[in-house]
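File shown: data-v6.csv. Contents: CSV, C-alpha atoms.
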chain,number,residue,atom,x,y,z
A,231,MET,CA,-8.6,7.1,-13.1
A,232,ILE,CA,-8.7,3.3,-13.1
A,233,TYR,CA,-5.9,3.4,-10.6
A,234,HIS,CA,-7.9,5.6,-8.2
A,235,ILE,CA,-11.0,3.5,-8.6
A,236,PHE,CA,-9.0,0.3,-7.6
A,237,GLU,CA,-7.6,2.2,-4.6
A,238,HIS,CA,-11.1,1.9,-3.1
A,239,PHE,CA,-11.5,-1.7,-4.3
A,240,GLN,CA,-8.5,-2.9,-2.4
A,241,TYR,CA,-10.3,-2.5,0.9
A,242,LEU,CA,-13.0,-4.9,-0.3
A,243,ASP,CA,-10.4,-7.7,-0.3
A,244,PHE,CA,-11.5,-9.6,-3.4
A,245,PRO,CA,-9.0,-11.4,-5.8
A,246,GLY,CA,-7.2,-8.8,-7.9
A,247,SER,CA,-8.4,-5.8,-5.9
A,248,GLY,CA,-4.8,-4.6,-5.3
A,249,ILE,CA,-3.4,-5.3,-8.8
A,250,MET,CA,-3.3,-1.6,-9.7
A,251,GLN,CA,-0.9,-0.9,-6.8
A,252,TYR,CA,1.9,-2.5,-8.9
A,253,ILE,CA,3.7,-0.1,-11.1
A,254,SER,CA,4.7,-2.9,-13.4
A,255,VAL,CA,1.1,-3.9,-14.1
A,256,ARG,CA,0.0,-0.3,-14.7
A,257,SER,CA,3.0,0.4,-17.0
A,258,ILE,CA,2.2,-2.6,-19.2
A,259,LEU,CA,-1.5,-1.6,-19.4
A,260,ALA,CA,-0.6,2.0,-20.2
A,261,SER,CA,1.8,0.9,-23.0
A,262,ILE,CA,-0.8,-1.5,-24.5
A,263,THR,CA,-3.5,1.1,-24.3
A,264,ALA,CA,-1.4,3.8,-26.1
A,265,ILE,CA,-0.5,1.3,-28.8
A,266,VAL,CA,-4.1,0.2,-29.3
A,267,LEU,CA,-5.3,3.8,-29.4
A,268,ILE,CA,-2.8,4.8,-32.1
A,269,LEU,CA,-3.6,1.7,-34.2
A,270,CYS,CA,-7.3,2.3,-33.9
A,271,PHE,CA,-7.4,6.0,-34.7
A,272,GLY,CA,-4.2,6.4,-36.8
A,273,LYS,CA,-5.8,5.3,-40.1
A,274,LYS,CA,-8.9,7.5,-39.6
A,275,PHE,CA,-6.7,10.5,-38.8
A,276,ILE,CA,-4.6,10.0,-41.9
A,277,LYS,CA,-7.7,9.7,-44.1
A,278,TYR,CA,-9.2,12.8,-42.6
A,279,MET,CA,-6.0,14.8,-43.3
A,280,GLN,CA,-5.8,13.5,-46.8
A,281,ARG,CA,-9.5,14.3,-47.5
A,282,LYS,CA,-8.9,17.8,-46.2
A,283,GLN,CA,-5.6,18.0,-48.2
A,284,LEU,CA,-3.7,19.0,-45.1
A,285,GLY,CA,-0.3,17.7,-46.0
A,286,GLU,CA,3.3,18.6,-45.6
A,287,GLU,CA,4.8,21.4,-47.7
A,288,ILE,CA,8.1,20.2,-49.1
A,289,ARG,CA,10.9,22.4,-50.2
A,290,ASP,CA,13.2,21.0,-52.9
A,291,LEU,CA,16.5,20.4,-51.2
A,292,GLY,CA,17.8,18.0,-53.7
A,293,LEU,CA,17.4,14.9,-51.5
A,294,GLU,CA,16.5,11.5,-52.9
A,295,GLY,CA,12.8,10.8,-52.6
A,296,GLN,CA,12.1,14.1,-50.9
A,297,LEU,CA,9.5,15.4,-53.3
A,298,ALA,CA,7.6,12.1,-53.1
A,299,LYS,CA,6.7,13.1,-49.6
A,300,LYS,CA,4.8,16.2,-50.7
A,301,GLY,CA,1.3,16.2,-49.4
A,302,THR,CA,1.9,13.5,-46.7
A,303,PRO,CA,-0.3,14.3,-43.7
A,304,THR,CA,1.4,15.9,-40.8
A,305,MET,CA,0.4,16.9,-37.2
A,306,GLY,CA,0.6,13.2,-36.2
A,307,GLY,CA,1.8,14.4,-32.9
A,308,VAL,CA,-1.8,14.8,-32.0
A,309,LEU,CA,-2.2,11.0,-32.1
A,310,ILE,CA,0.9,10.5,-30.0
A,311,LEU,CA,0.1,13.0,-27.3
A,312,GLY,CA,-3.5,12.0,-27.2
A,313,ALA,CA,-2.6,8.4,-26.7
A,314,ILE,CA,-0.1,9.2,-23.9
A,315,LEU,CA,-2.6,11.5,-22.2
A,316,ILE,CA,-5.4,9.0,-22.2
A,317,ALA,CA,-3.2,6.1,-21.1
A,318,VAL,CA,-1.7,8.1,-18.2
A,319,LEU,CA,-5.1,9.4,-17.1
A,320,LEU,CA,-6.3,5.9,-16.9
A,321,PHE,CA,-3.4,4.2,-15.2
A,322,GLY,CA,-1.3,6.9,-13.6
A,323,ASP,CA,-1.5,8.2,-10.1
A,324,LEU,CA,-2.8,11.7,-10.8
A,325,THR,CA,-2.0,12.9,-7.3
A,326,ASN,CA,1.7,12.3,-8.0
A,327,MET,CA,3.6,15.5,-8.5
A,328,TYR,CA,5.9,14.0,-11.2
A,329,ILE,CA,2.9,12.8,-13.2
A,330,GLN,CA,1.3,16.3,-12.9
A,331,LEU,CA,4.5,18.1,-14.2
A,332,LEU,CA,4.8,15.7,-17.1
A,333,LEU,CA,1.2,16.1,-18.1
A,334,ILE,CA,1.6,19.9,-17.9
A,335,THR,CA,4.7,19.5,-20.1
A,336,LEU,CA,2.7,17.4,-22.7
A,337,VAL,CA,-0.2,19.9,-22.9
A,338,TRP,CA,1.9,23.1,-22.8
A,339,LEU,CA,4.5,22.1,-25.5
A,340,GLY,CA,1.8,20.1,-27.4
A,341,CYS,CA,-0.2,23.3,-27.8
A,342,LEU,CA,2.9,25.3,-28.7
A,343,GLY,CA,3.8,22.8,-31.4
A,344,PHE,CA,0.2,22.5,-32.6
A,345,THR,CA,0.1,26.3,-33.0
A,346,ASP,CA,3.2,26.1,-35.2
A,347,ASP,CA,1.8,23.3,-37.3
A,348,TYR,CA,-1.6,25.0,-37.6
A,349,ILE,CA,0.1,28.1,-39.0
A,350,LYS,CA,2.0,26.0,-41.5
A,351,VAL,CA,-0.8,23.6,-42.6
A,352,PHE,CA,-4.0,25.6,-42.2
A,353,ARG,CA,-2.7,29.1,-42.9
A,354,LYS,CA,-0.2,27.9,-45.5
A,355,ASN,CA,2.6,29.8,-44.0
A,356,LYS,CA,5.8,27.7,-44.4
A,357,GLU,CA,7.7,29.6,-41.8
A,358,GLY,CA,5.2,28.7,-39.1
A,359,MET,CA,5.5,30.3,-35.6
A,360,PRO,CA,8.6,32.6,-35.2
A,361,GLY,CA,11.3,30.7,-33.4
A,362,LYS,CA,11.5,33.3,-30.6
A,363,TYR,CA,8.0,32.5,-29.5
A,364,LYS,CA,8.8,28.8,-29.3
A,365,ILE,CA,11.9,29.6,-27.1
A,366,VAL,CA,9.7,31.8,-24.8
A,367,GLY,CA,7.2,29.0,-24.4
A,368,GLN,CA,10.0,26.5,-23.5
A,369,VAL,CA,11.6,29.0,-21.1
A,370,ILE,CA,8.3,29.5,-19.3
A,371,LEU,CA,7.9,25.8,-18.9
A,372,GLY,CA,11.4,25.4,-17.7
A,373,LEU,CA,10.8,28.2,-15.2
A,374,ALA,CA,7.6,26.6,-13.9
A,375,VAL,CA,9.3,23.2,-13.5
A,376,GLY,CA,12.4,24.6,-11.9
A,377,ILE,CA,10.4,26.7,-9.3
A,378,THR,CA,8.2,23.7,-8.5
A,379,ILE,CA,11.2,21.5,-7.9
A,380,CYS,CA,12.9,24.1,-5.7
A,381,VAL,CA,9.8,24.8,-3.5
A,382,HIS,CA,8.1,21.5,-3.2
A,383,GLU,CA,8.8,19.8,0.1
A,384,ASP,CA,9.5,16.4,-1.5
A,385,THR,CA,12.0,17.7,-4.1
A,386,ILE,CA,13.6,20.8,-2.6
A,387,SER,CA,17.2,19.9,-3.4
A,388,THR,CA,19.8,21.0,-5.9
A,389,LEU,CA,21.6,17.6,-6.0
A,390,THR,CA,21.8,15.6,-9.1
A,391,THR,CA,23.6,12.5,-10.5
A,392,ILE,CA,27.0,12.9,-12.3
A,393,PRO,CA,28.3,10.0,-14.3
A,394,PHE,CA,31.7,8.2,-14.0
A,395,VAL,CA,32.3,9.4,-10.4
A,396,LYS,CA,32.3,7.1,-7.4
A,397,ASP,CA,30.4,9.5,-5.1
A,398,ASN,CA,28.2,10.4,-8.0
A,399,GLU,CA,26.2,13.3,-6.6
A,400,PHE,CA,26.8,16.9,-7.8
A,401,ASP,CA,25.3,19.9,-6.0
A,402,TYR,CA,24.6,22.9,-8.1
A,403,ALA,CA,25.1,24.9,-4.9
A,404,TRP,CA,28.8,24.5,-5.4
A,405,LEU,CA,28.5,26.9,-8.4
A,406,ALA,CA,27.0,29.6,-6.2
A,407,LEU,CA,29.3,32.2,-4.7
A,408,GLY,CA,28.7,34.2,-1.5
A,409,SER,CA,27.2,33.0,1.7
A,410,GLY,CA,24.0,33.0,3.7
A,411,LYS,CA,20.8,34.0,2.0
A,412,THR,CA,22.6,35.3,-1.1
A,413,LYS,CA,24.2,31.9,-1.7
A,414,GLU,CA,20.9,30.1,-1.2
A,415,LEU,CA,19.1,32.4,-3.7
A,416,LEU,CA,21.9,32.1,-6.2
A,417,GLN,CA,22.0,28.3,-6.1
A,418,VAL,CA,18.3,28.2,-6.8
A,419,VAL,CA,18.7,30.6,-9.7
A,420,ILE,CA,21.5,28.6,-11.2
A,421,TYR,CA,19.6,25.4,-10.8
A,422,ILE,CA,16.5,26.9,-12.5
A,423,LEU,CA,18.6,28.2,-15.4
A,424,VAL,CA,20.1,24.8,-15.9
A,425,ILE,CA,16.6,23.3,-16.0
A,426,ILE,CA,15.5,25.9,-18.5
A,427,PHE,CA,18.5,25.2,-20.7
A,428,ILE,CA,18.0,21.4,-20.6
A,429,ILE,CA,14.3,21.5,-21.5
A,430,THR,CA,14.8,24.0,-24.3
A,431,ALA,CA,17.9,22.1,-25.7
A,432,VAL,CA,16.3,18.7,-25.7
A,433,SER,CA,13.0,19.9,-27.1
A,434,ASN,CA,14.7,21.7,-29.9
A,435,GLY,CA,17.1,18.8,-30.5
A,436,THR,CA,14.2,16.4,-30.9
A,437,ASN,CA,12.6,18.9,-33.3
A,438,LEU,CA,15.7,19.0,-35.4
A,439,THR,CA,15.9,15.2,-35.4
A,440,ASP,CA,12.4,14.9,-36.9
A,441,GLY,CA,13.5,15.0,-40.5
A,442,MET,CA,13.3,11.4,-41.7
A,443,ASP,CA,10.7,8.8,-41.6
A,444,GLY,CA,10.7,7.1,-38.1
A,445,LEU,CA,13.9,8.8,-37.0
A,446,ALA,CA,12.7,11.0,-34.1
A,447,ALA,CA,10.0,8.5,-33.0
A,448,GLY,CA,12.4,5.6,-32.8
A,449,VAL,CA,15.2,7.5,-31.1
A,450,THR,CA,12.8,9.0,-28.6
A,451,ALA,CA,11.3,5.6,-27.8
A,452,ILE,CA,14.8,4.3,-26.9
A,453,VAL,CA,15.6,7.3,-24.8
A,454,GLY,CA,12.2,7.0,-23.1
A,455,ALA,CA,12.8,3.3,-22.3
A,456,VAL,CA,16.1,4.2,-20.5
A,457,LEU,CA,14.5,7.0,-18.5
A,458,GLY,CA,11.8,4.6,-17.5
A,459,ILE,CA,14.4,2.1,-16.2
A,460,LEU,CA,16.3,4.9,-14.4
A,461,ALA,CA,13.1,6.1,-12.8
A,462,TYR,CA,12.3,2.6,-11.6
A,463,PHE,CA,15.7,2.3,-10.0
A,464,SER,CA,15.5,5.8,-8.5
A,465,GLY,CA,12.0,5.2,-7.0
A,466,ASN,CA,12.9,1.9,-5.4
A,467,VAL,CA,14.9,2.3,-2.2
A,468,ILE,CA,16.5,-1.1,-2.5
A,469,TYR,CA,17.8,-0.7,-6.1
A,470,ALA,CA,18.8,2.9,-5.4
A,471,GLU,CA,20.9,1.8,-2.4
A,472,TYR,CA,22.4,-1.1,-4.3
A,473,LEU,CA,23.4,1.1,-7.3
A,474,ASN,CA,24.4,3.9,-5.1
A,475,ILE,CA,22.2,6.4,-6.8
A,476,MET,CA,19.8,9.0,-5.4
A,477,TYR,CA,16.6,7.6,-4.0
A,478,ILE,CA,13.7,9.8,-5.1
A,479,PRO,CA,10.4,8.8,-3.4
A,480,ASP,CA,7.4,8.3,-5.6
A,481,SER,CA,9.5,8.9,-8.8
A,482,GLY,CA,8.7,5.3,-9.8
A,483,GLU,CA,5.4,6.6,-11.1
A,484,ILE,CA,7.3,8.1,-14.0
A,485,VAL,CA,7.7,4.5,-15.3
A,486,VAL,CA,3.9,4.5,-16.1
A,487,TYR,CA,4.3,7.7,-18.0
A,488,MET,CA,7.3,6.5,-20.0
A,489,SER,CA,5.6,3.2,-20.8
A,490,ALA,CA,2.7,5.2,-22.2
A,491,LEU,CA,5.1,7.3,-24.3
A,492,ILE,CA,6.9,4.2,-25.6
A,493,GLY,CA,3.6,2.5,-26.5
A,494,ALA,CA,2.4,5.6,-28.3
A,495,LEU,CA,5.7,5.9,-30.3
A,496,LEU,CA,5.7,2.2,-31.2
A,497,GLY,CA,2.1,2.6,-32.4
A,498,PHE,CA,3.0,5.7,-34.3
A,499,LEU,CA,5.9,4.0,-36.0
A,500,TRP,CA,3.3,1.6,-37.6
A,501,TYR,CA,2.4,4.6,-39.8
A,502,ASN,CA,5.5,6.7,-39.6
A,503,SER,CA,8.2,4.1,-40.6
A,504,TYR,CA,9.6,4.4,-44.1
A,505,PRO,CA,7.8,5.3,-46.3
A,506,ALA,CA,5.8,7.4,-43.8
A,507,GLN,CA,2.0,7.8,-44.1
A,508,VAL,CA,2.0,10.6,-41.6
A,509,PHE,CA,4.6,12.9,-39.9
A,510,MET,CA,4.5,13.9,-36.3
A,511,GLY,CA,5.2,17.6,-36.9
A,512,ASP,CA,6.2,20.1,-34.3
A,513,THR,CA,3.1,19.1,-32.3
A,514,GLY,CA,4.9,15.8,-31.5
A,515,SER,CA,8.6,16.7,-31.6
A,516,LEU,CA,8.6,19.7,-29.4
A,517,ALA,CA,6.5,18.0,-26.7
A,518,LEU,CA,8.4,14.7,-26.8
A,519,GLY,CA,11.7,16.5,-26.4
A,520,GLY,CA,10.3,18.5,-23.5
A,521,ILE,CA,9.0,15.3,-21.8
A,522,ILE,CA,12.4,13.7,-22.1
A,523,GLY,CA,14.1,16.8,-20.6
A,524,VAL,CA,11.6,17.2,-17.7
A,525,ALA,CA,11.7,13.5,-16.9
A,526,ALA,CA,15.5,13.5,-16.7
A,527,VAL,CA,15.4,16.6,-14.4
A,528,LEU,CA,12.8,15.0,-12.2
A,529,ILE,CA,14.9,11.9,-11.6
A,530,ARG,CA,18.1,13.9,-11.3
A,531,LYS,CA,19.7,12.3,-14.3
A,532,GLU,CA,19.9,15.4,-16.6
A,533,LEU,CA,23.8,15.2,-16.7
A,534,LEU,CA,23.4,11.8,-18.4
A,535,LEU,CA,21.5,13.4,-21.3
A,536,PRO,CA,24.6,14.2,-23.4
A,537,ILE,CA,25.2,10.5,-23.6
A,538,LEU,CA,21.7,9.2,-23.7
A,539,CYS,CA,20.5,11.9,-26.1
A,540,GLY,CA,23.7,11.8,-28.1
A,541,ILE,CA,21.7,11.8,-31.4
A,542,PHE,CA,19.7,14.9,-30.4
A,543,LEU,CA,23.0,16.6,-29.3
A,544,ALA,CA,24.8,15.7,-32.6
A,545,GLU,CA,21.8,17.0,-34.6
A,546,SER,CA,21.8,20.3,-32.7
A,547,LEU,CA,25.6,20.8,-32.8
A,548,SER,CA,25.6,20.1,-36.6
A,549,VAL,CA,23.2,23.0,-37.2
A,550,ILE,CA,25.1,25.4,-34.8
A,551,ILE,CA,28.5,24.5,-36.3
A,552,GLN,CA,27.2,24.8,-39.9
A,553,ARG,CA,25.8,28.2,-39.3
A,554,LEU,CA,28.7,29.6,-37.4
A,555,TYR,CA,31.3,28.3,-40.0
A,556,PHE,CA,29.2,29.6,-42.9
A,557,LYS,CA,29.0,33.1,-41.4
A,558,TYR,CA,32.7,33.0,-40.5
A,559,THR,CA,33.9,32.0,-44.0
A,560,LYS,CA,31.5,34.4,-45.7
A,561,LYS,CA,32.9,37.2,-43.7
A,562,LYS,CA,36.5,36.1,-44.3
A,563,TYR,CA,36.4,34.8,-47.9
A,564,GLY,CA,33.3,36.6,-49.3
A,565,GLU,CA,31.4,33.3,-49.7
A,566,GLY,CA,30.0,30.9,-47.2
A,567,ARG,CA,31.5,27.4,-46.8
A,568,ARG,CA,30.2,24.3,-45.2
A,569,VAL,CA,31.4,21.8,-42.7
A,570,PHE,CA,28.6,19.4,-43.5
A,571,LYS,CA,27.1,18.8,-46.9
A,572,MET,CA,23.8,19.7,-45.3
A,573,SER,CA,22.4,20.1,-41.8
A,574,PRO,CA,20.9,18.8,-39.6
A,575,LEU,CA,23.3,15.9,-39.5
A,576,HIS,CA,21.0,13.2,-40.9
A,577,HIS,CA,20.7,15.1,-44.2
A,578,HIS,CA,24.5,15.2,-44.5
A,579,PHE,CA,24.4,11.5,-45.3
A,580,GLN,CA,21.6,12.0,-47.9
A,581,LYS,CA,23.4,14.7,-49.9
A,582,GLU,CA,26.1,14.3,-52.5
A,583,GLY,CA,27.9,16.6,-54.9
A,584,VAL,CA,28.1,19.5,-52.4
A,585,PRO,CA,31.6,20.8,-51.4
A,586,ALA,CA,32.1,20.6,-47.6
A,587,LEU,CA,34.9,20.0,-45.1
A,588,ILE,CA,33.5,16.6,-44.3
A,589,LYS,CA,33.3,14.8,-47.7
A,590,LYS,CA,32.3,11.3,-46.6
A,591,PRO,CA,30.2,9.5,-47.5
A,592,ALA,CA,30.9,10.2,-51.2
A,593,ARG,CA,27.6,8.7,-52.2
A,594,ALA,CA,24.2,9.3,-50.7
A,595,ILE,CA,22.9,6.7,-48.3
A,596,PRO,CA,19.2,5.6,-48.6
A,597,GLU,CA,17.0,7.2,-46.0
A,598,ALA,CA,15.8,3.9,-44.4
A,599,LYS,CA,19.4,2.8,-43.8
A,600,ILE,CA,20.3,6.2,-42.2
A,601,VAL,CA,17.4,5.9,-39.8
A,602,MET,CA,18.3,2.3,-38.9
A,603,ARG,CA,21.9,3.3,-38.2
A,604,PHE,CA,20.9,6.2,-36.1
A,605,TRP,CA,18.6,3.8,-34.1
A,606,LEU,CA,21.5,1.5,-33.6
A,607,ILE,CA,23.7,4.3,-32.4
A,608,SER,CA,20.9,5.4,-30.0
A,609,ILE,CA,20.7,1.9,-28.6
A,610,ILE,CA,24.5,1.8,-28.0
A,611,LEU,CA,24.3,5.2,-26.2
A,612,ALA,CA,21.3,3.9,-24.2
A,613,ILE,CA,23.3,0.9,-23.0
A,614,LEU,CA,26.3,3.0,-22.2
A,615,THR,CA,24.1,5.4,-20.1
A,616,ILE,CA,22.8,2.5,-18.0
A,617,ILE,CA,26.4,1.1,-17.7
A,618,THR,CA,27.5,4.5,-16.2
A,619,LEU,CA,25.6,3.5,-13.0
A,620,LYS,CA,28.3,0.9,-12.4
A,621,ILE,CA,31.4,2.5,-14.1
A,622,ARG,CA,32.8,4.8,-11.5

The structure given in the file should be rewritten as structure tokens.
Amino acid sequence: MIYHIFEHFQYLDFPGSGIMQYISVRSILASITAIVLILCFGKKFIKYMQRKQLGEEIRDLGLEGQLAKKGTPTMGGVLILGAILIAVLLFGDLTNMYIQLLLITLVWLGCLGFTDDYIKVFRKNKEGMPGKYKIVGQVILGLAVGITICVHEDTISTLTTIPFVKDNEFDYAWLALGSGKTKELLQVVIYILVIIFIITAVSNGTNLTDGMDGLAAGVTAIVGAVLGILAYFSGNVIYAEYLNIMYIPDSGEIVVYMSALIGALLGFLWYNSYPAQVFMGDTGSLALGGIIGVAAVLIRKELLLPILCGIFLAESLSVIIQRLYFKYTKKKYGEGRRVFKMSPLHHHFQKEGVPALIKKPARAIPEAKIVMRFWLISIILAILTIITLKIR
């Protein structure tokens, strides 16, 4: 909004009239705006939720300090998404296709997560929305994003970036068999399926990571910062040529969006860091993961996500491995056995006295220390992701 207003001012040729043309300026303003909005309205939101007694329902899983969190306000994702939305509407280029897709992602998955939280908090149904409905919602979004990319004149390509390779471009068309129109159709279908998988996987991975105070918010902020950097490089023809990566016109605008996301998460951590005064809930975690997935796809860096989102990947794999091994051993031995003391992975480090294949650590680690170590690992993975641009 402010960006578009200043577009008219630049023709008047007065000092500062063209300042909003700089992505760096708008990114800083978007980040500051998001932080300020969270800090201003966060306390009021928490007090409102406490007054209405709309807190988290906690199951006793035998984790240290877990029951003390009972009644802590949830649905803090409303704050995060609201701050991102306002900041981007103020300082983003709303005619930019990438911004439009990311805003649709925020609203769509935000509503999906809000519905789940609403059922849990207001309807007092601990199970929330059935998982299959969440998957359907994520698939619909992935389908919409995939079709848009494949038909839009500025993005109609199935090329992407692949790490550790000198000519680091991979074409999904190579996976398609046949020839002519059949091959063209098949390569589009394959690419769309990949996009659906990525958005669904990252969204659910972020959701699983949201189990400790500040964990999901901190890790997502780190991932968002790297995607912002990669978007800046990809949208700048000089840097893209120097780094030998795909030049994607107008993708630099994603930096403004990522800056708003980082600002909102930093502001949220003011209230969400240990001991948390508010949880983000599915309203936040599903949408944040979806935003990460869509942004990575838009700048053609989705194949870097296993490295960049290593925490989300590990959390998801821990749940899958745990369930499969439990079912396998129950069928074979008559009783289920565990690989981890508890899943998702972060809870494994909190639990003690439970027989599992992985016995370490022998003693439970304090929650705040686990979160800090996961943040550090995420920073290391973020640095490694950026380094892949030069390691070929």

Task: Polymer residues at most 8 Å from Tyr487 (chain A), all atoms listed in the file, same-chain spacing of 2 or more positions, as a PyMOL selection string - done: chain A and resi 257+260+314+318+322+329+483-485+489-491

Open item on the list: Would you pick out the contacts of Leu423 (chain A) at 9 Å or less, using all atoms listed in the file, so that residues sharing its chain but fewer than 5 positions from it are not included, and give the list as a ChimeraX atom specification?
Closed with: /A:372-373,376,418,428

TODO: Write out as number ranges by chain which residues come within 8 Å of Phe509 (chain A) when counting only C-alpha atoms, dropping same-chain ones fewer than 6 positions away.
DONE: A: 302-307, 443, 502

Name all residues at most 10 Å from Ala374 (chain A) (count all atoms listed in the file; drop same-chain ones fewer than 3 positions away) and give them as a tab-separated table (two decimals) with C-alpha atoms, in the frame of the given file.
chain	number	residue	atom	x	y	z
A	331	LEU	CA	4.50	18.10	-14.20
A	334	ILE	CA	1.60	19.90	-17.90
A	335	THR	CA	4.70	19.50	-20.10
A	368	GLN	CA	10.00	26.50	-23.50
A	369	VAL	CA	11.60	29.00	-21.10
A	370	ILE	CA	8.30	29.50	-19.30
A	371	LEU	CA	7.90	25.80	-18.90
A	377	ILE	CA	10.40	26.70	-9.30
A	378	THR	CA	8.20	23.70	-8.50
A	379	ILE	CA	11.20	21.50	-7.90
A	422	ILE	CA	16.50	26.90	-12.50
A	425	ILE	CA	16.60	23.30	-16.00
A	426	ILE	CA	15.50	25.90	-18.50

Task: Best match for closeness to Pro585 (chain A) among A:Met510, A:Leu473, A:Met572, A:Leu533, counting only C-alpha atoms - done: A:Met572

Task: Contacts of Asn434 (chain A) at 9 Å (only C-alpha atoms; same-chain gap of 6+ positions) as a PyMOL selection string - done: chain A and resi 365+515-516+519-520+542+546

Atoms to include: C-alpha atoms. Write the selected residues as a JSON list (two decimals), in the coordinates of the input.
[["chain", "number", "residue", "atom", "x", "y", "z"],
["A", 365, "ILE", "CA", 11.90, 29.60, -27.10],
["A", 515, "SER", "CA", 8.60, 16.70, -31.60],
["A", 516, "LEU", "CA", 8.60, 19.70, -29.40],
["A", 519, "GLY", "CA", 11.70, 16.50, -26.40],
["A", 520, "GLY", "CA", 10.30, 18.50, -23.50],
["A", 542, "PHE", "CA", 19.70, 14.90, -30.40],
["A", 546, "SER", "CA", 21.80, 20.30, -32.70]]

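Of the listed residues A:Pro505, A:Phe344, A:Leu319, A:Ile537, the one whose atoms come nearest to Val456 (chain A) is A:Ile537, with distances taken using all atoms listed in the file.
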
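Taking CA of Met442 (chain A) as the reference point, CA of Gly285 (chain A) is found at 15.6 Å.
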
TODO: Choose the residue, out of A:Leu405, A:Leu554, A:Ala598, A:Ile392, that has the smallest atom-to-atom separation from Ala506 (chain A); count all atoms listed in the file.
DONE: A:Ala598

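Of the residues listed (A:Phe394, A:Phe321, A:Phe556, A:Trp605), A:Phe556 shows the shortest atom-to-atom separation from Arg568 (chain A); distances use only C-alpha atoms.
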
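Among the candidate residues A:Leu339, A:Leu415, A:Cys539, A:Leu293, the one lying nearest to Val584 (chain A) is A:Leu293, with distances computed using all atoms listed in the file.
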
Task: Option closest in space to Cys380 (chain A), from A:His234, A:Pro360, A:Ile420, A:Thr412 [counting all atoms listed in the file] - done: A:Ile420

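Remark: residues at most 12 Å from position (25.4, 21.1, -32.5) in file coordinates are Ala431, Val432, Asn434, Gly435, Leu438, Thr439, Pro536, Gly540, Ile541, Phe542, Leu543, Ala544, Glu545, Ser546, Leu547, Ser548, Val549, Ile550, Ile551, Gln552, Arg553, Leu554, Tyr555, Val569, Phe570, Ser573, Pro574 and Leu575 of chain A, using only C-alpha atoms.
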
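The coordinates place CA of Cys341 (chain A) at 19.3 Å from CA of Thr450 (chain A).
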
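Computed from the coordinates, the CA of Tyr421 (chain A) to CA of Leu534 (chain A) distance equals 16.0 Å.
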
Can region 487-500 of chain A be brought up to N, CA and C atoms and written out as a short mmCIF file (atom, residue, chain, number, x, y, z; two decimals), in the coordinates of the input?
data_model
loop_
_atom_site.label_atom_id
_atom_site.label_comp_id
_atom_site.auth_asym_id
_atom_site.auth_seq_id
_atom_site.Cartn_x
_atom_site.Cartn_y
_atom_site.Cartn_z
N TYR A 487 4.30 6.67 -17.00
CA TYR A 487 4.30 7.70 -18.00
C TYR A 487 5.17 7.33 -19.21
N MET A 488 6.39 6.90 -18.90
CA MET A 488 7.30 6.50 -20.00
C MET A 488 6.83 5.32 -20.76
N SER A 489 6.15 4.41 -20.08
CA SER A 489 5.60 3.20 -20.80
C SER A 489 4.51 3.67 -21.75
N ALA A 490 3.69 4.63 -21.35
CA ALA A 490 2.70 5.20 -22.20
C ALA A 490 3.32 5.85 -23.45
N LEU A 491 4.39 6.59 -23.19
CA LEU A 491 5.10 7.30 -24.30
C LEU A 491 5.71 6.27 -25.25
N ILE A 492 6.34 5.22 -24.73
CA ILE A 492 6.90 4.20 -25.60
C ILE A 492 5.85 3.50 -26.43
N GLY A 493 4.73 3.16 -25.78
CA GLY A 493 3.60 2.50 -26.50
C GLY A 493 3.09 3.40 -27.61
N ALA A 494 2.92 4.69 -27.31
CA ALA A 494 2.40 5.60 -28.30
C ALA A 494 3.36 5.74 -29.51
N LEU A 495 4.66 5.77 -29.23
CA LEU A 495 5.70 5.90 -30.30
C LEU A 495 5.75 4.63 -31.14
N LEU A 496 5.65 3.47 -30.49
CA LEU A 496 5.70 2.20 -31.20
C LEU A 496 4.43 2.12 -32.15
N GLY A 497 3.29 2.53 -31.62
CA GLY A 497 2.10 2.60 -32.40
C GLY A 497 2.21 3.54 -33.59
N PHE A 498 2.81 4.69 -33.31
CA PHE A 498 3.00 5.70 -34.30
C PHE A 498 3.93 5.24 -35.44
N LEU A 499 4.94 4.47 -35.07
CA LEU A 499 5.90 4.00 -36.00
C LEU A 499 5.22 3.02 -37.06
N TRP A 500 4.08 2.45 -36.69
CA TRP A 500 3.30 1.60 -37.60
C TRP A 500 2.97 2.43 -38.88
#
